[in-house]
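Engineer: Dropping the structure in here first, questions after.
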Amino acid sequence: PSPIMSGKKGLVMGVANDRSIAWGIAKAVAAQGADLAFTFQGEALQKRVAPLAAEVGSDMVLPCDVTDDADVARTFQTIREKWGRLDFLVHAIAYSDKEELKGKYVNTTRDNFLKTLDISCYSFTRIAREAADLMTDGGSLLTLSYYGAERVMPHYNVMGVAKAALEASIRYLAADLGSDNIRVNGLSAGPMKTLAASGIGDFRYILKWNQYNSPLRRNVTLEDVGGAGMYLLSDLSSGVSGEVHHVDCGYNIVGMKAVDAPDI
Ligand code: NAD
């Protein structure tokens, strides 16, 4: 039998380095035969992303800052010229001023609120519109969320509000695009040590807390997230849309500290 993703073409947005969630998903879909293109933000990341892309047989590595409409338009124009169509897209992009990822949400500034929502939420809608245009054979769009969208987490602050908006937009986009056989889903990943996460206050404590209190008594890996991403991007999930799927070692079902959890 041919691999699950063979013949499928996908754009992966949000690889910064080999710890990026987007990279975990890229490896999983490439292992199943997908053809990939990548975007990166800022010159500095190009030299990190290009070798990773090469590892999975891709030489399409495009600059794209999602706050720049011309960049976004150029990215999809390039995909159109090179491939003529698109089957799936991974949006693994978020940003907030790290000065506001500590302390209290109530102190969020208007500037950072708008910037956080623009990059972490609106960009998915903007990109979905461009991608949908190229998904002439149907398709699958995937974004990344966190449990801080549903419950209050210390320090997550405005990012929690952005993720809540992102999760709502998954549902609205799923409804809008479903009649073109385009599915829209999210992965709600448990905490992982990435570049973006390093901006969150007390992140090491959060990792330990999740490790000690998750049903599986560990934190998620890139392989965990990659496998779930592959499922949502592939035809294995052909009947699934508008869903936010937790890949968090079960943490979201827990109501209290585990009885065997050590002090942190
Ligand atoms: P990461 O730092 O590897 O990836 C974040 C990416 O966002 C980077 O590639 C960065 O270049 C990109 N980005 C930021 N601003 C951008 C802009 N203006 N234009 C284009 N790209 C921009 O970290 P990650 O943890 O892999 O983050 C990926 C996604 O996963 C994010 O949405 C994050 O919120 C989400 N997530 C992370 C965790 C975690 O604990 N690490 C948990 C759940 C969800």
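Following the order of the structure tokens, first chain is A, next is B, and so on, with residues numbered from 1 inside each chain and ligands from 1 in the order they appear.
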Dump the neighbourhood of ligand 1 as an MDAnalysis selection string: all residues within 7 Å, distances computed on only C-alpha atoms and all ligand atoms.

Structural biologist: chainID A and resid 13:17 19:22 40:41 64:67 92:95 119:120 144:146 188:197

Engineer: Please produce an output containing N, CA and C atoms for each residue in the selection, written as an mmCIF file, in the first residue's frame.

Structural biologist:
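Heads up, here's the output in again_11.cif:
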data_model
loop_
_atom_site.group_PDB
_atom_site.id
_atom_site.type_symbol
_atom_site.label_atom_id
_atom_site.label_comp_id
_atom_site.auth_asym_id
_atom_site.auth_seq_id
_atom_site.Cartn_x
_atom_site.Cartn_y
_atom_site.Cartn_z
ATOM 1 N N MET A 13 3.751 26.360 8.089
ATOM 2 C CA MET A 13 4.116 27.708 8.516
ATOM 3 C C MET A 13 4.405 27.686 10.015
ATOM 4 N N GLY A 14 5.600 28.121 10.402
ATOM 5 C CA GLY A 14 5.891 28.228 11.840
ATOM 6 C C GLY A 14 7.057 27.395 12.332
ATOM 7 N N VAL A 15 7.866 26.854 11.412
ATOM 8 C CA VAL A 15 9.093 26.197 11.884
ATOM 9 C C VAL A 15 10.119 27.280 12.213
ATOM 10 N N ALA A 16 10.645 27.232 13.449
ATOM 11 C CA ALA A 16 11.742 28.134 13.828
ATOM 12 C C ALA A 16 13.022 27.332 14.012
ATOM 13 N N ASN A 17 12.890 26.104 14.514
ATOM 14 C CA ASN A 17 14.055 25.233 14.723
ATOM 15 C C ASN A 17 13.562 23.795 14.890
ATOM 16 N N ARG A 19 12.974 22.107 17.384
ATOM 17 C CA ARG A 19 12.056 21.846 18.502
ATOM 18 C C ARG A 19 10.648 22.359 18.225
ATOM 19 N N SER A 20 10.463 23.038 17.097
ATOM 20 C CA SER A 20 9.149 23.611 16.762
ATOM 21 C C SER A 20 8.103 22.517 16.571
ATOM 22 N N ILE A 21 6.900 22.790 17.055
ATOM 23 C CA ILE A 21 5.786 21.860 16.864
ATOM 24 C C ILE A 21 5.549 21.638 15.366
ATOM 25 N N ALA A 22 5.663 22.712 14.583
ATOM 26 C CA ALA A 22 5.471 22.598 13.133
ATOM 27 C C ALA A 22 6.450 21.594 12.526
ATOM 28 N N PHE A 40 9.147 30.871 6.723
ATOM 29 C CA PHE A 40 9.871 31.292 7.930
ATOM 30 C C PHE A 40 9.670 32.793 8.083
ATOM 31 N N GLN A 41 9.852 33.260 9.325
ATOM 32 C CA GLN A 41 9.722 34.696 9.574
ATOM 33 C C GLN A 41 11.076 35.287 9.911
ATOM 34 N N CYS A 64 7.821 34.642 5.051
ATOM 35 C CA CYS A 64 6.442 35.112 5.240
ATOM 36 C C CYS A 64 6.215 35.592 6.662
ATOM 37 N N ASP A 65 6.110 36.898 6.800
ATOM 38 C CA ASP A 65 5.678 37.483 8.072
ATOM 39 C C ASP A 65 4.169 37.671 7.940
ATOM 40 N N VAL A 66 3.399 37.029 8.809
ATOM 41 C CA VAL A 66 1.944 37.043 8.625
ATOM 42 C C VAL A 66 1.292 38.399 8.889
ATOM 43 N N THR A 67 2.070 39.343 9.419
ATOM 44 C CA THR A 67 1.501 40.682 9.585
ATOM 45 C C THR A 67 1.633 41.494 8.292
ATOM 46 N N ALA A 92 1.330 27.156 12.656
ATOM 47 C CA ALA A 92 1.853 26.982 14.022
ATOM 48 C C ALA A 92 2.585 28.262 14.408
ATOM 49 N N ILE A 93 1.806 29.328 14.505
ATOM 50 C CA ILE A 93 2.335 30.684 14.650
ATOM 51 C C ILE A 93 1.636 31.393 15.799
ATOM 52 N N ALA A 94 2.419 31.974 16.677
ATOM 53 C CA ALA A 94 1.846 32.790 17.747
ATOM 54 C C ALA A 94 2.903 33.773 18.215
ATOM 55 N N TYR A 95 2.434 34.903 18.721
ATOM 56 C CA TYR A 95 3.365 35.889 19.279
ATOM 57 C C TYR A 95 2.652 36.771 20.308
ATOM 58 N N ILE A 119 -1.421 38.344 15.154
ATOM 59 C CA ILE A 119 -0.475 37.288 14.742
ATOM 60 C C ILE A 119 -0.986 35.897 15.126
ATOM 61 N N SER A 120 -1.572 35.766 16.303
ATOM 62 C CA SER A 120 -1.885 34.431 16.823
ATOM 63 C C SER A 120 -3.270 33.948 16.426
ATOM 64 N N LEU A 144 -2.631 25.417 15.904
ATOM 65 C CA LEU A 144 -2.192 24.941 17.212
ATOM 66 C C LEU A 144 -2.765 25.795 18.326
ATOM 67 N N SER A 145 -3.334 25.118 19.319
ATOM 68 C CA SER A 145 -3.866 25.849 20.456
ATOM 69 C C SER A 145 -3.301 25.278 21.747
ATOM 70 N N TYR A 146 -3.806 25.819 22.860
ATOM 71 C CA TYR A 146 -3.363 25.367 24.189
ATOM 72 C C TYR A 146 -4.546 25.481 25.148
ATOM 73 N N SER A 188 -4.750 20.945 20.433
ATOM 74 C CA SER A 188 -4.437 21.624 21.681
ATOM 75 C C SER A 188 -3.325 20.827 22.352
ATOM 76 N N ALA A 189 -2.102 21.328 22.174
ATOM 77 C CA ALA A 189 -0.916 20.591 22.635
ATOM 78 C C ALA A 189 -0.619 20.914 24.091
ATOM 79 N N GLY A 190 -0.137 19.913 24.823
ATOM 80 C CA GLY A 190 0.387 20.152 26.166
ATOM 81 C C GLY A 190 1.656 20.986 26.068
ATOM 82 N N PRO A 191 2.131 21.500 27.209
ATOM 83 C CA PRO A 191 3.315 22.363 27.170
ATOM 84 C C PRO A 191 4.552 21.649 26.639
ATOM 85 N N MET A 192 5.299 22.337 25.784
ATOM 86 C CA MET A 192 6.515 21.781 25.180
ATOM 87 C C MET A 192 7.583 22.853 25.173
ATOM 88 N N LYS A 193 8.809 22.432 25.386
ATOM 89 C CA LYS A 193 9.931 23.377 25.479
ATOM 90 C C LYS A 193 10.349 23.857 24.093
ATOM 91 N N THR A 194 9.746 24.941 23.635
ATOM 92 C CA THR A 194 10.097 25.510 22.327
ATOM 93 C C THR A 194 10.525 26.963 22.522
ATOM 94 N N LEU A 195 10.935 27.569 21.402
ATOM 95 C CA LEU A 195 11.333 28.981 21.447
ATOM 96 C C LEU A 195 10.173 29.850 21.953
ATOM 97 N N ALA A 196 8.988 29.657 21.401
ATOM 98 C CA ALA A 196 7.833 30.471 21.796
ATOM 99 C C ALA A 196 7.528 30.284 23.287
ATOM 100 N N ALA A 197 7.621 29.044 23.766
ATOM 101 C CA ALA A 197 7.271 28.754 25.162
ATOM 102 C C ALA A 197 8.258 29.397 26.130
#

Engineer: Mind the document's chain letters and residue numbers, and return as a PyMOL selection string the residues of region 59-229 of chain A that DSSP labels strand (DSSP E or B).

Structural biologist: chain A and resi 61-63+88-91+136+138-145+182-189

Engineer: Which is closest to Gly139 (chain A) among A:Arg151, A:Arg171, A:Arg85, A:His245, if we use only C-alpha atoms?

Structural biologist: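 Nearest to Gly139 (chain A): A:Arg85.
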
Engineer: Which residues come within 7 Å of Leu101 (chain A), counting only C-alpha atoms, excluding same-chain residues fewer than 3 positions away, as a ChimeraX atom specification?

Structural biologist: /A:97-98,155-157,199-201

Engineer: When you draw a straight line from CA of Pro51 (chain A) to CA of Trp23 (chain A), how long is it in Å?

Structural biologist: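 Answer for the CA of Pro51 (chain A) to CA of Trp23 (chain A) separation: 11.8 Å.
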
Engineer: So, with only C-alpha atoms as the atoms that count, which of A:Ala44, A:Ala31, A:Ala73, A:Ile127 lies closest to Val56 (chain A)?

Structural biologist: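 Checking each candidate against Val56 (chain A), we get A:Ala31 as the closest.
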
Engineer: For CA of Leu89 (chain A) and CA of Thr75 (chain A), determine how far apart the two atoms are, in Å to one decimal place.

Structural biologist: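 Taking CA of Leu89 (chain A) and CA of Thr75 (chain A), their separation equals 12.5 Å.
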
Engineer: In terms of the shortest atom-to-atom distance over only C-alpha atoms, which of A:Ala258, A:Leu236, A:Leu11, A:Ala175 is closest to Pro215 (chain A)?

Structural biologist: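 The shortest atom-to-atom distance to Pro215 (chain A) comes from A:Ala258.
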
Engineer: Near region 237-240 of chain A, counting only C-alpha atoms, which residues have an atom at most 8 Å away, once you skip same-chain residues fewer than 6 positions from it, shown as an MDAnalysis selection string?

Structural biologist: chainID A and resid 183 185 231

Engineer: Find, counting only C-alpha atoms, the residue in A:Thr136, A:Ile182, A:Ile4, A:Thr39 that gets nearest to Asp71 (chain A).

Structural biologist: A:Thr39

Engineer: If you run DSSP on the backbone, which residues of region 90-250 of chain A are alpha helix (DSSP H), as a PyMOL selection string?

Structural biologist: chain A and resi 110-117+123-134+157-177+203-213+222-233

Engineer: In Å, with one decimal, what is the gap from CA of Asp87 (chain A) to CA of Val61 (chain A)?

Structural biologist: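 Between CA of Asp87 (chain A) and CA of Val61 (chain A) the gap works out to 17.4 Å.
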
Engineer: Neighbouring residues of Thr116 (chain A) were defined as those with any atom within 10 Å, considering only C-alpha atoms; residues of the same chain fewer than 2 positions away were excluded. Please report them as a ChimeraX atom specification.

Structural biologist: /A:94-97,110-114,118-122,158-159,161-163

Engineer: With C-alpha atoms retained, write the just-selected residues as a PDB file, in the first residue's frame.

Structural biologist:
ATOM      1  CA  ALA A  94       1.846  32.790  17.747  1.00  0.00           C
ATOM      2  CA  TYR A  95       3.365  35.889  19.279  1.00  0.00           C
ATOM      3  CA  SER A  96       2.947  38.117  22.309  1.00  0.00           C
ATOM      4  CA  ASP A  97       5.268  40.536  24.083  1.00  0.00           C
ATOM      5  CA  ARG A 110      -4.044  47.684  23.838  1.00  0.00           C
ATOM      6  CA  ASP A 111      -0.985  47.552  21.572  1.00  0.00           C
ATOM      7  CA  ASN A 112       0.044  44.094  22.675  1.00  0.00           C
ATOM      8  CA  PHE A 113      -3.551  42.853  22.742  1.00  0.00           C
ATOM      9  CA  LEU A 114      -3.987  43.829  19.078  1.00  0.00           C
ATOM     10  CA  ASP A 118      -3.403  39.720  14.911  1.00  0.00           C
ATOM     11  CA  ILE A 119      -0.475  37.288  14.742  1.00  0.00           C
ATOM     12  CA  SER A 120      -1.885  34.431  16.823  1.00  0.00           C
ATOM     13  CA  CYS A 121      -5.505  34.452  15.641  1.00  0.00           C
ATOM     14  CA  TYR A 122      -6.314  36.638  12.637  1.00  0.00           C
ATOM     15  CA  VAL A 158      -3.529  37.542  26.574  1.00  0.00           C
ATOM     16  CA  MET A 159      -2.311  34.436  24.741  1.00  0.00           C
ATOM     17  CA  VAL A 161      -7.603  35.077  25.093  1.00  0.00           C
ATOM     18  CA  ALA A 162      -6.033  34.818  21.616  1.00  0.00           C
ATOM     19  CA  LYS A 163      -6.246  31.016  21.688  1.00  0.00           C
TER      20      LYS A 163
END
